[in-house]
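Listing of target.tsv; format and content: TSV, C-alpha atoms and all ligand atoms.
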chain	number	residue	atom	x	y	z
A	1	MET	CA	-16.08	-42.67	12.92
A	2	ALA	CA	-14.97	-44.69	9.94
A	3	ARG	CA	-11.59	-44.33	8.28
A	4	GLN	CA	-11.68	-41.92	5.35
A	5	GLU	CA	-9.64	-41.95	2.19
A	6	ALA	CA	-7.56	-38.79	1.83
A	7	ALA	CA	-6.45	-37.20	-1.43
A	8	TYR	CA	-5.20	-33.76	-0.43
A	9	GLN	CA	-3.54	-32.46	2.70
A	10	ILE	CA	-4.68	-28.87	3.19
A	11	LYS	CA	-4.55	-26.17	5.81
A	12	ALA	CA	-7.90	-25.49	7.45
A	13	ALA	CA	-9.25	-23.62	10.47
A	14	VAL	CA	-10.59	-26.30	12.82
A	15	VAL	CA	-12.96	-25.66	15.73
A	16	ARG	CA	-12.19	-28.41	18.22
A	17	GLU	CA	-14.45	-27.49	21.15
A	18	LYS	CA	-17.54	-25.43	21.93
A	19	SER	CA	-16.70	-21.70	21.85
A	20	GLY	CA	-13.02	-22.56	21.34
A	21	PRO	CA	-10.58	-20.88	18.94
A	22	PHE	CA	-10.23	-21.62	15.25
A	23	VAL	CA	-6.96	-23.58	15.01
A	24	VAL	CA	-5.20	-23.50	11.64
A	25	GLU	CA	-3.80	-26.97	11.07
A	26	PRO	CA	-3.43	-29.67	8.42
A	27	VAL	CA	-6.47	-31.81	7.55
A	28	ASP	CA	-7.09	-34.36	4.80
A	29	LEU	CA	-9.63	-33.78	2.05
A	30	SER	CA	-11.05	-36.53	-0.15
A	31	GLU	CA	-11.43	-36.42	-3.94
A	32	PRO	CA	-14.64	-34.85	-5.28
A	33	ARG	CA	-17.35	-37.36	-6.14
A	34	ASP	CA	-19.04	-37.54	-9.54
A	35	ASP	CA	-21.47	-34.70	-8.71
A	36	GLU	CA	-18.98	-32.60	-6.73
A	37	VAL	CA	-16.58	-29.75	-7.45
A	38	LEU	CA	-13.15	-29.19	-5.90
A	39	VAL	CA	-12.45	-25.49	-5.35
A	40	ASP	CA	-9.18	-23.73	-4.53
A	41	ILE	CA	-10.42	-21.21	-1.99
A	42	VAL	CA	-9.20	-17.63	-2.36
A	43	ALA	CA	-11.19	-16.10	0.49
A	44	THR	CA	-14.17	-16.81	2.74
A	45	GLY	CA	-16.43	-14.36	4.57
A	46	VAL	CA	-17.20	-14.70	8.27
A	47	CYS	CA	-20.93	-15.01	8.99
A	48	HIS	CA	-22.65	-15.07	12.37
A	49	THR	CA	-23.80	-18.61	11.64
A	50	ASP	CA	-20.14	-19.71	11.84
A	51	ILE	CA	-19.96	-18.17	15.31
A	52	GLY	CA	-23.32	-19.64	16.35
A	53	VAL	CA	-22.23	-23.13	15.30
A	54	ARG	CA	-18.87	-22.72	17.05
A	55	ASP	CA	-20.97	-22.01	20.16
A	56	GLN	CA	-23.19	-25.00	19.30
A	57	SER	CA	-26.47	-23.09	18.87
A	58	TYR	CA	-26.84	-25.59	16.05
A	59	PRO	CA	-25.36	-28.94	17.01
A	60	VAL	CA	-22.82	-29.60	14.23
A	61	PRO	CA	-20.50	-32.19	15.84
A	62	LEU	CA	-17.00	-30.95	16.71
A	63	PRO	CA	-14.24	-30.92	15.64
A	64	ALA	CA	-15.46	-29.21	12.52
A	65	VAL	CA	-14.28	-27.03	9.66
A	66	LEU	CA	-16.83	-24.22	9.24
A	67	GLY	CA	-16.91	-21.38	6.71
A	68	HIS	CA	-19.76	-20.96	4.22
A	69	GLU	CA	-19.08	-17.82	2.18
A	70	GLY	CA	-16.25	-19.20	0.07
A	71	ALA	CA	-14.93	-17.87	-3.24
A	72	GLY	CA	-12.27	-19.40	-5.43
A	73	PHE	CA	-11.27	-21.22	-8.59
A	74	VAL	CA	-12.63	-24.55	-9.71
A	75	ARG	CA	-9.73	-27.00	-9.56
A	76	LYS	CA	-11.45	-30.24	-10.56
A	77	VAL	CA	-14.96	-31.46	-11.32
A	78	GLY	CA	-16.64	-34.84	-10.97
A	79	ARG	CA	-17.58	-36.67	-14.17
A	80	ASN	CA	-21.27	-35.66	-13.99
A	81	VAL	CA	-20.67	-31.93	-13.45
A	82	ARG	CA	-21.70	-29.72	-16.38
A	83	LYS	CA	-22.20	-26.27	-14.86
A	84	VAL	CA	-18.57	-25.37	-14.24
A	85	ALA	CA	-15.13	-26.39	-15.48
A	86	PRO	CA	-11.61	-26.17	-14.05
A	87	GLY	CA	-10.40	-22.57	-13.97
A	88	ASP	CA	-13.86	-21.05	-13.53
A	89	ARG	CA	-14.26	-18.46	-10.80
A	90	VAL	CA	-17.04	-19.34	-8.41
A	91	ILE	CA	-18.61	-18.41	-5.14
A	92	LEU	CA	-20.06	-21.08	-2.91
A	93	THR	CA	-23.55	-20.78	-1.47
A	94	TYR	CA	-25.93	-23.07	0.46
A	95	ASP	CA	-26.86	-26.50	-0.87
A	96	PHE	CA	-30.29	-27.86	-1.78
A	97	CYS	CA	-31.54	-31.08	-3.34
A	98	GLY	CA	-33.00	-29.67	-6.55
A	99	VAL	CA	-35.82	-32.23	-6.69
A	100	CYS	CA	-38.13	-31.65	-3.70
A	101	GLU	CA	-41.34	-29.69	-4.19
A	102	ASN	CA	-39.90	-26.44	-2.85
A	103	CYS	CA	-36.73	-26.68	-4.93
A	104	GLN	CA	-38.81	-27.37	-8.05
A	105	GLN	CA	-40.98	-24.35	-7.29
A	106	GLY	CA	-37.94	-22.09	-7.23
A	107	GLN	CA	-37.55	-21.85	-3.45
A	108	PRO	CA	-34.37	-23.82	-2.75
A	109	GLY	CA	-33.91	-21.93	0.52
A	110	PHE	CA	-36.83	-23.99	1.81
A	111	CYS	CA	-35.41	-27.27	0.47
A	112	ARG	CA	-36.78	-30.19	2.46
A	113	GLU	CA	-33.20	-31.40	2.90
A	114	PHE	CA	-31.81	-28.00	3.91
A	115	TYR	CA	-30.65	-29.09	7.36
A	116	ALA	CA	-29.07	-32.37	6.24
A	117	ARG	CA	-27.25	-30.69	3.37
A	118	ASN	CA	-25.98	-27.64	5.21
A	119	LEU	CA	-25.85	-28.17	8.94
A	120	SER	CA	-25.34	-31.87	9.61
A	121	GLY	CA	-21.53	-31.79	9.40
A	122	ALA	CA	-21.50	-34.43	6.67
A	123	ARG	CA	-22.87	-35.23	3.23
A	124	PRO	CA	-26.55	-36.25	3.24
A	125	ASP	CA	-25.40	-39.91	3.18
A	126	GLY	CA	-23.45	-39.34	6.39
A	127	SER	CA	-19.96	-39.48	4.86
A	128	SER	CA	-17.39	-36.76	5.50
A	129	ALA	CA	-15.02	-35.12	3.02
A	130	LEU	CA	-12.52	-34.22	5.76
A	131	SER	CA	-10.43	-36.23	8.18
A	132	MET	CA	-7.55	-35.81	10.62
A	133	ASN	CA	-5.16	-38.68	11.24
A	134	GLY	CA	-7.56	-41.01	9.45
A	135	ARG	CA	-10.60	-40.07	11.57
A	136	ALA	CA	-13.52	-38.22	10.00
A	137	ILE	CA	-14.29	-34.73	11.28
A	138	SER	CA	-17.32	-32.55	10.50
A	139	SER	CA	-17.20	-31.18	6.97
A	140	CYS	CA	-19.61	-30.18	4.20
A	141	PHE	CA	-20.75	-27.19	6.29
A	142	PHE	CA	-23.14	-25.52	3.82
A	143	CYS	CA	-21.70	-28.08	1.41
A	144	GLN	CA	-18.28	-26.39	1.50
A	145	SER	CA	-16.47	-26.00	4.88
A	146	SER	CA	-14.53	-23.21	3.22
A	147	PHE	CA	-12.34	-21.98	6.09
A	148	ALA	CA	-9.75	-24.07	4.25
A	149	GLU	CA	-7.36	-23.90	1.31
A	150	LYS	CA	-9.59	-26.24	-0.69
A	151	ALA	CA	-13.24	-27.15	-0.41
A	152	ILE	CA	-15.59	-29.68	-1.92
A	153	ALA	CA	-18.92	-28.27	-3.10
A	154	SER	CA	-21.74	-29.73	-5.15
A	155	GLU	CA	-22.65	-28.77	-8.70
A	156	ARG	CA	-25.73	-27.00	-7.27
A	157	ASN	CA	-24.06	-24.68	-4.76
A	158	VAL	CA	-21.29	-23.26	-6.97
A	159	VAL	CA	-22.21	-20.00	-8.71
A	160	LYS	CA	-20.03	-18.81	-11.59
A	161	ILE	CA	-18.92	-15.19	-11.35
A	162	PRO	CA	-17.31	-12.94	-13.98
A	163	SER	CA	-13.53	-12.89	-14.33
A	164	ASP	CA	-13.20	-9.11	-13.98
A	165	VAL	CA	-14.50	-8.68	-10.42
A	166	PRO	CA	-12.31	-8.91	-7.28
A	167	ILE	CA	-12.88	-12.54	-6.33
A	168	GLU	CA	-11.65	-12.12	-2.76
A	169	LEU	CA	-14.62	-9.84	-1.99
A	170	MET	CA	-17.36	-11.96	-3.58
A	171	GLY	CA	-17.80	-14.88	-1.15
A	172	PRO	CA	-20.25	-13.07	1.19
A	173	LEU	CA	-22.68	-12.75	-1.74
A	174	GLY	CA	-23.34	-16.47	-1.19
A	175	CYS	CA	-24.88	-16.05	2.27
A	176	GLY	CA	-25.09	-12.85	4.32
A	177	ILE	CA	-25.36	-10.38	1.45
A	178	GLN	CA	-27.87	-12.35	-0.65
A	179	THR	CA	-29.86	-13.01	2.52
A	180	GLY	CA	-30.36	-9.32	3.28
A	181	ALA	CA	-30.77	-8.10	-0.29
A	182	GLY	CA	-32.97	-11.01	-1.31
A	183	ALA	CA	-35.25	-10.56	1.69
A	184	VAL	CA	-36.24	-7.20	0.23
A	185	ILE	CA	-35.99	-7.83	-3.52
A	186	ASN	CA	-37.37	-11.41	-3.65
A	187	ALA	CA	-39.37	-11.97	-0.46
A	188	LEU	CA	-41.00	-8.72	0.71
A	189	THR	CA	-41.07	-7.13	-2.78
A	190	PRO	CA	-42.07	-3.64	-1.61
A	191	ARG	CA	-43.59	-1.27	-4.12
A	192	ALA	CA	-41.66	1.89	-4.90
A	193	GLY	CA	-42.49	4.51	-2.30
A	194	SER	CA	-42.91	2.03	0.55
A	195	SER	CA	-41.55	2.38	4.06
A	196	ILE	CA	-39.34	-0.26	5.64
A	197	ALA	CA	-37.69	-0.59	9.07
A	198	VAL	CA	-34.55	-2.75	9.23
A	199	PHE	CA	-33.63	-3.99	12.71
A	200	GLY	CA	-29.92	-4.79	12.94
A	201	ALA	CA	-27.36	-2.97	10.80
A	202	GLY	CA	-24.90	-5.83	10.29
A	203	ALA	CA	-24.03	-7.34	6.93
A	204	VAL	CA	-27.56	-8.69	6.42
A	205	GLY	CA	-29.36	-5.53	7.55
A	206	LEU	CA	-27.11	-3.17	5.61
A	207	SER	CA	-27.57	-5.29	2.47
A	208	ALA	CA	-31.31	-4.96	3.04
A	209	VAL	CA	-30.95	-1.18	3.34
A	210	MET	CA	-29.08	-0.99	0.02
A	211	ALA	CA	-31.68	-3.24	-1.62
A	212	ALA	CA	-34.55	-1.14	-0.23
A	213	LYS	CA	-33.01	1.88	-1.89
A	214	ILE	CA	-32.62	-0.01	-5.18
A	215	VAL	CA	-36.31	-0.99	-5.27
A	216	GLY	CA	-37.43	2.53	-4.48
A	217	CYS	CA	-38.41	2.50	-0.82
A	218	THR	CA	-38.55	6.15	0.17
A	219	THR	CA	-38.55	5.74	3.96
A	220	ILE	CA	-35.77	3.40	5.06
A	221	ILE	CA	-35.25	3.26	8.81
A	222	ALA	CA	-32.23	1.47	10.28
A	223	ILE	CA	-32.29	0.44	13.94
A	224	ASP	CA	-29.17	-0.71	15.79
A	225	ILE	CA	-27.36	-0.09	19.08
A	226	ASN	CA	-24.05	0.80	17.40
A	227	ASP	CA	-23.83	4.42	16.26
A	228	SER	CA	-21.04	3.80	13.74
A	229	ARG	CA	-23.14	1.16	11.99
A	230	LEU	CA	-26.09	3.55	11.95
A	231	ALA	CA	-23.87	6.18	10.33
A	232	LEU	CA	-22.87	3.62	7.69
A	233	ALA	CA	-26.54	2.71	7.17
A	234	ARG	CA	-27.27	6.35	6.39
A	235	GLU	CA	-24.43	6.49	3.88
A	236	LEU	CA	-25.80	3.35	2.20
A	237	GLY	CA	-29.36	4.62	1.85
A	238	ALA	CA	-31.16	4.74	5.19
A	239	THR	CA	-33.26	7.89	5.46
A	240	HIS	CA	-33.53	7.59	9.24
A	241	ALA	CA	-31.43	5.90	11.94
A	242	ILE	CA	-32.54	4.98	15.45
A	243	ASN	CA	-30.29	3.85	18.29
A	244	GLY	CA	-32.50	1.24	19.96
A	245	SER	CA	-30.60	1.46	23.24
A	246	LYS	CA	-31.39	5.15	23.59
A	247	ALA	CA	-34.86	5.54	22.05
A	248	ASP	CA	-38.21	3.75	21.89
A	249	ALA	CA	-37.80	2.32	18.40
A	250	VAL	CA	-41.48	1.43	17.93
A	251	ALA	CA	-42.71	4.91	18.88
A	252	GLU	CA	-40.07	6.59	16.71
A	253	ILE	CA	-40.93	4.46	13.69
A	254	GLN	CA	-44.63	5.15	14.14
A	255	ALA	CA	-43.88	8.86	14.29
A	256	ILE	CA	-41.60	8.83	11.22
A	257	THR	CA	-44.06	6.78	9.14
A	258	ASN	CA	-47.23	8.40	10.43
A	259	GLY	CA	-48.63	5.22	11.92
A	260	GLY	CA	-46.26	2.35	11.20
A	261	ALA	CA	-43.91	0.90	8.59
A	262	ARG	CA	-45.35	-1.11	5.70
A	263	TYR	CA	-42.44	-3.56	5.99
A	264	SER	CA	-39.90	-4.52	8.60
A	265	LEU	CA	-36.99	-6.95	8.76
A	266	GLU	CA	-35.70	-8.65	11.89
A	267	CYS	CA	-31.97	-9.32	11.49
A	268	THR	CA	-30.81	-9.52	15.13
A	269	SER	CA	-32.10	-12.90	16.45
A	270	VAL	CA	-33.14	-11.09	19.68
A	271	PRO	CA	-36.75	-11.98	20.71
A	272	ARG	CA	-37.44	-8.52	22.15
A	273	VAL	CA	-36.31	-6.91	18.89
A	274	PHE	CA	-38.43	-9.32	16.83
A	275	ARG	CA	-41.46	-8.18	18.80
A	276	GLN	CA	-40.56	-4.53	18.08
A	277	ALA	CA	-40.23	-5.36	14.39
A	278	VAL	CA	-43.84	-6.62	14.43
A	279	ASP	CA	-45.24	-3.92	16.71
A	280	CYS	CA	-43.83	-1.12	14.51
A	281	LEU	CA	-45.89	-2.21	11.47
A	282	GLN	CA	-48.86	-0.42	9.99
A	283	ILE	CA	-52.02	-2.32	9.07
A	284	PRO	CA	-51.53	-4.21	6.86
A	285	GLY	CA	-47.82	-4.74	7.26
A	286	THR	CA	-45.29	-7.52	6.87
A	287	CYS	CA	-42.32	-8.39	9.05
A	288	GLY	CA	-39.64	-10.55	7.47
A	289	LEU	CA	-37.78	-12.71	9.97
A	290	ILE	CA	-34.15	-13.38	9.06
A	291	GLY	CA	-32.39	-13.55	12.45
A	292	ALA	CA	-31.52	-17.14	13.34
A	293	ALA	CA	-32.00	-17.56	17.08
A	294	PRO	CA	-30.67	-20.71	18.78
A	295	LEU	CA	-33.08	-23.67	18.54
A	296	GLY	CA	-35.77	-23.49	21.24
A	297	VAL	CA	-35.92	-19.69	21.61
A	298	GLU	CA	-39.53	-18.47	21.86
A	299	VAL	CA	-41.17	-15.07	21.44
A	300	SER	CA	-44.66	-13.80	22.27
A	301	PHE	CA	-47.01	-11.34	20.53
A	302	GLN	CA	-50.44	-10.03	21.26
A	303	MET	CA	-52.78	-12.06	19.10
A	304	SER	CA	-54.66	-8.93	18.13
A	305	THR	CA	-51.46	-7.45	16.69
A	306	ILE	CA	-51.40	-10.18	14.08
A	307	LEU	CA	-55.18	-10.48	13.67
A	308	PHE	CA	-55.56	-6.99	12.29
A	309	GLY	CA	-53.61	-7.75	9.16
A	310	ARG	CA	-50.01	-8.10	10.09
A	311	THR	CA	-47.95	-10.88	8.58
A	312	ILE	CA	-44.77	-12.53	9.81
A	313	GLN	CA	-42.76	-14.11	7.02
A	314	GLY	CA	-39.80	-16.41	7.65
A	315	ILE	CA	-37.12	-15.87	4.99
A	316	MET	CA	-34.24	-18.22	4.27
A	317	GLN	CA	-31.24	-17.11	2.21
A	318	GLY	CA	-33.14	-14.18	0.76
A	319	ASP	CA	-35.65	-16.45	-0.96
A	320	CYS	CA	-33.27	-16.52	-3.91
A	321	VAL	CA	-32.09	-18.94	-6.56
A	322	PRO	CA	-28.37	-18.18	-6.21
A	323	ASP	CA	-27.46	-18.85	-9.86
A	324	VAL	CA	-30.01	-16.21	-10.84
A	325	PHE	CA	-29.67	-13.72	-8.00
A	326	VAL	CA	-25.92	-13.49	-7.34
A	327	PRO	CA	-25.14	-12.25	-10.88
A	328	LYS	CA	-27.79	-9.55	-10.39
A	329	LEU	CA	-26.13	-8.43	-7.16
A	330	ILE	CA	-22.81	-8.21	-9.00
A	331	GLU	CA	-24.44	-6.04	-11.68
A	332	PHE	CA	-25.95	-3.78	-9.00
A	333	TRP	CA	-22.45	-3.51	-7.49
A	334	ARG	CA	-20.91	-2.66	-10.87
A	335	ALA	CA	-23.52	0.04	-11.37
A	336	GLY	CA	-22.59	1.63	-8.04
A	337	LEU	CA	-26.00	0.81	-6.55
A	338	PHE	CA	-24.87	-1.88	-4.15
A	339	PRO	CA	-21.47	-1.03	-2.61
A	340	PHE	CA	-21.29	-4.07	-0.33
A	341	ASP	CA	-17.49	-3.94	-0.49
A	342	ARG	CA	-17.73	-1.06	2.00
A	343	LEU	CA	-18.75	-3.61	4.66
A	344	THR	CA	-15.70	-5.82	4.18
A	345	ARG	CA	-12.20	-6.07	5.59
A	346	LEU	CA	-9.62	-8.69	4.60
A	347	TYR	CA	-7.62	-10.79	7.07
A	348	PRO	CA	-4.87	-13.33	6.28
A	349	ILE	CA	-5.76	-16.85	7.39
A	350	ALA	CA	-3.24	-16.66	10.24
A	351	GLN	CA	-5.46	-13.93	11.73
A	352	ILE	CA	-8.76	-15.77	11.50
A	353	ASN	CA	-9.41	-15.41	15.23
A	354	ASP	CA	-9.02	-11.64	14.90
A	355	ALA	CA	-11.55	-11.73	12.06
A	356	ILE	CA	-14.00	-13.72	14.18
A	357	HIS	CA	-13.50	-11.34	17.10
A	358	ALA	CA	-14.11	-8.33	14.86
A	359	ALA	CA	-17.39	-9.86	13.71
A	360	GLU	CA	-18.44	-10.64	17.28
A	361	THR	CA	-17.72	-7.18	18.63
A	362	GLY	CA	-19.16	-5.50	15.57
A	363	ALA	CA	-15.89	-3.67	14.88
A	364	VAL	CA	-16.03	-4.96	11.29
A	365	VAL	CA	-19.32	-5.67	9.54
A	366	LYS	CA	-18.03	-8.37	7.19
A	367	PRO	CA	-14.55	-9.74	7.85
A	368	ILE	CA	-13.16	-11.93	5.05
A	369	VAL	CA	-10.40	-14.48	5.60
A	370	VAL	CA	-7.92	-14.79	2.71
A	371	PHE	CA	-6.29	-18.15	1.89
A	372	ARG	CA	-4.35	-17.36	-1.27
A	373	SER	CA	-3.83	-14.52	-3.72
A	374	ALA	CA	-6.27	-14.37	-6.61
A	375	ASN	CA	-3.17	-13.93	-8.81
A	376	ASP	CA	-2.09	-17.49	-8.00
A	377	HIS	CA	-4.49	-18.53	-10.74
A	378	ALA	CA	-4.26	-15.57	-13.08
B	401	ZN	ZN	-24.28	-17.31	6.73
B	402	ZN	ZN	-34.94	-29.60	-2.19
Please express what this file holds, its structure, as structure tokens.
Ligand SMILES: [Zn+2]
Ligand SMILES: [Zn+2]
Amino acid sequence: MARQEAAYQIKAAVVREKSGPFVVEPVDLSEPRDDEVLVDIVATGVCHTDIGVRDQSYPVPLPAVLGHEGAGFVRKVGRNVRKVAPGDRVILTYDFCGVCENCQQGQPGFCREFYARNLSGARPDGSSALSMNGRAISSCFFCQSSFAEKAIASERNVVKIPSDVPIELMGPLGCGIQTGAGAVINALTPRAGSSIAVFGAGAVGLSAVMAAKIVGCTTIIAIDINDSRLALARELGATHAINGSKADAVAEIQAITNGGARYSLECTSVPRVFRQAVDCLQIPGTCGLIGAAPLGVEVSFQMSTILFGRTIQGIMQGDCVPDVFVPKLIEFWRAGLFPFDRLTRLYPIAQINDAIHAAETGAVVKPIVVFRSANDHA
């Protein structure tokens, strides 16, 4: 790759090979462009998409700096940036173009340039913001690559947050948490009194459970194979919990709901579970698909299952406009309605591989890697 100009030497967690460790080492970061924002990262959540890309389920070229739930302080802005200024507290979310038909219709999660802007390992023009020893490496992961002390984002994917909330906890709002909560609040939009079955009680599924309670679902069924996560789901609002490794989830849901759930959410990426999430629906019923299986994975359904009024709805990033939705999630949290902080655990950057391992084993729902103290900027 071409030689890159470097402006800042920073510490970052680099994935050098497929399924390899995250190695904390120095890399070079360029200056932000006119439409970009330089952010001093305080902390970044670990999402399963980081792990999937490390394992090359999505072919971001390696070596790469991943991380896409960053939170920090704006350090510098390009000359065309109006939304934020140095010193602002921000979280970083996914990027979108802002001008395609879907962006203009308020669905930036379906931006026509979503892949190029979030998963190509470079800016849409192919340039990289990161290099090592003068050679470009993959950067701009979700327009941030925030497993690093500093990150370059765009004006679009920074979301300002209030100054009186714990910034180190807020990064996951930009991906996993908004994905689960938004799937319920923005995409499925259940009426109060509805039933919903949430398959997978990780960060996304548990956020969906909390959101289902907020919007007034009265039967909220969590399905997982981890009993401690099911216990947490109950504490966060699930009215029923099913261990899918011990029980026939579809039959149990049909029994609990007297014929099937009005809504379901698939948050596991497992084809067999996706089929259960459709088969457990009443008529009519809607299954929201959130789980991101590796490219090429297929699933089968009986055609008649769908024909009789069941809908499968693909949902990206909770169907939300982050500048609008993230502040709402923070207000829900303030009001005690959305205690997503109960899912989190903080790790210093030196322990990033422990944080990744905890996410993989399910020991921690939402590990967060800390790069600097929030007080560094107070
Ligand atoms: Zn994510
Ligand atoms: Zn777009």
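Distances here use only C-alpha atoms; by that measure, the residue among A:Ala231, A:Val299, A:Ile137, A:Leu281 closest to Ser195 in chain A is A:Leu281.
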Hey, which residues sit close to ligand ZN 402 (chain B)? Say within 9 Å, counting all atoms listed in the file, and write them as a list in words.
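Those residues are Asp95, Phe96, Cys97, Gly98, Val99, Cys100, Glu101, Asn102, Cys103, Gln104, Gln107, Pro108, Gly109, Phe110, Cys111, Arg112, Glu113 and Phe114 of chain A.
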Can you pull out the residues contacting Gly45 in chain A? Cut-off 9 Å, using all atoms listed in the file, and skip same-chain residues under 3 positions away; I want them as JSON, numbers by chain.
{"A": [67, 68, 69, 70, 71, 147, 169, 170, 171, 172, 175, 176, 344, 346, 366, 367, 368, 369, 370]}
Within 12 Å of ligand ZN 401 (chain B), counting only C-alpha atoms and all ligand atoms, residues as a short mmCIF file (atom, residue, chain, number, x, y, z; two decimals) with C-alpha atoms, in the frame of the given file:
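What ended up in part-v3.cif:
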data_model
loop_
_atom_site.label_atom_id
_atom_site.label_comp_id
_atom_site.auth_asym_id
_atom_site.auth_seq_id
_atom_site.Cartn_x
_atom_site.Cartn_y
_atom_site.Cartn_z
CA THR A 44 -14.17 -16.81 2.74
CA GLY A 45 -16.43 -14.36 4.57
CA VAL A 46 -17.20 -14.70 8.27
CA CYS A 47 -20.93 -15.01 8.99
CA HIS A 48 -22.65 -15.07 12.37
CA THR A 49 -23.80 -18.61 11.64
CA ASP A 50 -20.14 -19.71 11.84
CA ILE A 51 -19.96 -18.17 15.31
CA GLY A 52 -23.32 -19.64 16.35
CA VAL A 53 -22.23 -23.13 15.30
CA LEU A 66 -16.83 -24.22 9.24
CA GLY A 67 -16.91 -21.38 6.71
CA HIS A 68 -19.76 -20.96 4.22
CA GLU A 69 -19.08 -17.82 2.18
CA GLY A 70 -16.25 -19.20 0.07
CA LEU A 92 -20.06 -21.08 -2.91
CA THR A 93 -23.55 -20.78 -1.47
CA TYR A 94 -25.93 -23.07 0.46
CA ASN A 118 -25.98 -27.64 5.21
CA LEU A 119 -25.85 -28.17 8.94
CA PHE A 141 -20.75 -27.19 6.29
CA PHE A 142 -23.14 -25.52 3.82
CA SER A 145 -16.47 -26.00 4.88
CA SER A 146 -14.53 -23.21 3.22
CA GLY A 171 -17.80 -14.88 -1.15
CA PRO A 172 -20.25 -13.07 1.19
CA LEU A 173 -22.68 -12.75 -1.74
CA GLY A 174 -23.34 -16.47 -1.19
CA CYS A 175 -24.88 -16.05 2.27
CA GLY A 176 -25.09 -12.85 4.32
CA ILE A 177 -25.36 -10.38 1.45
CA GLN A 178 -27.87 -12.35 -0.65
CA THR A 179 -29.86 -13.01 2.52
CA GLY A 180 -30.36 -9.32 3.28
CA ALA A 203 -24.03 -7.34 6.93
CA VAL A 204 -27.56 -8.69 6.42
CA ILE A 290 -34.15 -13.38 9.06
CA GLY A 291 -32.39 -13.55 12.45
CA ALA A 292 -31.52 -17.14 13.34
CA MET A 316 -34.24 -18.22 4.27
CA GLN A 317 -31.24 -17.11 2.21
CA GLY A 318 -33.14 -14.18 0.76
CA LYS A 366 -18.03 -8.37 7.19
#
Point (-35.2, -4.8, -8.7), cut-off 8 Å, counting all atoms listed in the file, residues as number ranges by chain
A: 185, 214-215
Dump C-alpha atoms for the selected residues as a PDB file, keeping the file's coordinate frame?
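Contents of selection-v9.pdb, as written:
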ATOM      1  CA  ILE A 185     -35.990  -7.830  -3.520  1.00  0.00           C
ATOM      2  CA  ILE A 214     -32.620  -0.010  -5.180  1.00  0.00           C
ATOM      3  CA  VAL A 215     -36.310  -0.990  -5.270  1.00  0.00           C
TER       4      VAL A 215
END
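Between CA of Thr239 in chain A and CA of Tyr263 in chain A the interatomic distance comes to 14.7 Å.
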Distance criterion (only C-alpha atoms): nearest to Pro63 in chain A out of A:Ile41, A:Val14, A:Leu29, A:Leu236
A:Val14
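Proximity ranking of A:Lys76, A:Lys11, A:Arg135, A:Lys18 relative to Pro32 in chain A places A:Lys76 first, based on all atoms listed in the file.
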Tell me, as an mmCIF file with C-alpha atoms, keeping the file's coordinate frame, which residues lie within 8 Å of Ala12 in chain A, counting all atoms listed in the file; anything in the same chain fewer than 2 positions away does not count.
data_model
loop_
_atom_site.group_PDB
_atom_site.id
_atom_site.type_symbol
_atom_site.label_atom_id
_atom_site.label_comp_id
_atom_site.auth_asym_id
_atom_site.auth_seq_id
_atom_site.Cartn_x
_atom_site.Cartn_y
_atom_site.Cartn_z
ATOM 1 C CA ILE A 10 -4.680 -28.870 3.190
ATOM 2 C CA VAL A 14 -10.590 -26.300 12.820
ATOM 3 C CA VAL A 23 -6.960 -23.580 15.010
ATOM 4 C CA VAL A 24 -5.200 -23.500 11.640
ATOM 5 C CA GLU A 25 -3.800 -26.970 11.070
ATOM 6 C CA PRO A 26 -3.430 -29.670 8.420
ATOM 7 C CA VAL A 27 -6.470 -31.810 7.550
ATOM 8 C CA VAL A 65 -14.280 -27.030 9.660
ATOM 9 C CA PHE A 147 -12.340 -21.980 6.090
ATOM 10 C CA ALA A 148 -9.750 -24.070 4.250
ATOM 11 C CA GLU A 149 -7.360 -23.900 1.310
#
Would you mind listing what lies within 12 Å of Asn80 in chain A as a VMD selection string, with all atoms listed in the file counted and same-chain residues fewer than 4 positions away left out?
chain A and resid 32 to 37 76 84 to 85 154 to 156
Since we have the selection now, will you write its residues out, keeping C-alpha atoms, as a tab-separated table (two decimals), in the coordinates of the input?
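That gives us part.tsv:
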chain	number	residue	atom	x	y	z
A	32	PRO	CA	-14.64	-34.85	-5.28
A	33	ARG	CA	-17.35	-37.36	-6.14
A	34	ASP	CA	-19.04	-37.54	-9.54
A	35	ASP	CA	-21.47	-34.70	-8.71
A	36	GLU	CA	-18.98	-32.60	-6.73
A	37	VAL	CA	-16.58	-29.75	-7.45
A	76	LYS	CA	-11.45	-30.24	-10.56
A	84	VAL	CA	-18.57	-25.37	-14.24
A	85	ALA	CA	-15.13	-26.39	-15.48
A	154	SER	CA	-21.74	-29.73	-5.15
A	155	GLU	CA	-22.65	-28.77	-8.70
A	156	ARG	CA	-25.73	-27.00	-7.27
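Counting all atoms listed in the file, the residue from A:Ala212, A:Val278, A:Val270, A:Ala192 that sits nearest to Met303 in chain A is A:Val278.
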Residues near Val165 in chain A, anyone? I mean within 10 Å using all atoms listed in the file, not counting same-chain ones fewer than 4 positions away, as an MDAnalysis selection string.
chainID A and resid 89 161 169:170 330 333:334
Give the answer as one residue: which of A:Ile256, A:Cys287, A:Ile349, A:Ala374 has the shortest atom-to-atom distance to Asp40 in chain A, using only C-alpha atoms?
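Using only C-alpha atoms, the shortest distance to Asp40 in chain A belongs to A:Ala374.
Here the question is which of A:Ser19, A:Ser300, A:Ser30, A:Ser131 gets nearest to Ile152 in chain A using all atoms listed in the file, and that residue is A:Ser30.
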Need the shell around Asn226 in chain A: protein/DNA/RNA residues with any atom at most 10 Å away, counting only C-alpha atoms. Skip same-chain ones fewer than 6 positions apart. Format as JSON, numbers by chain?
{"A": [200, 201, 202, 242, 243, 244, 245, 362, 363]}
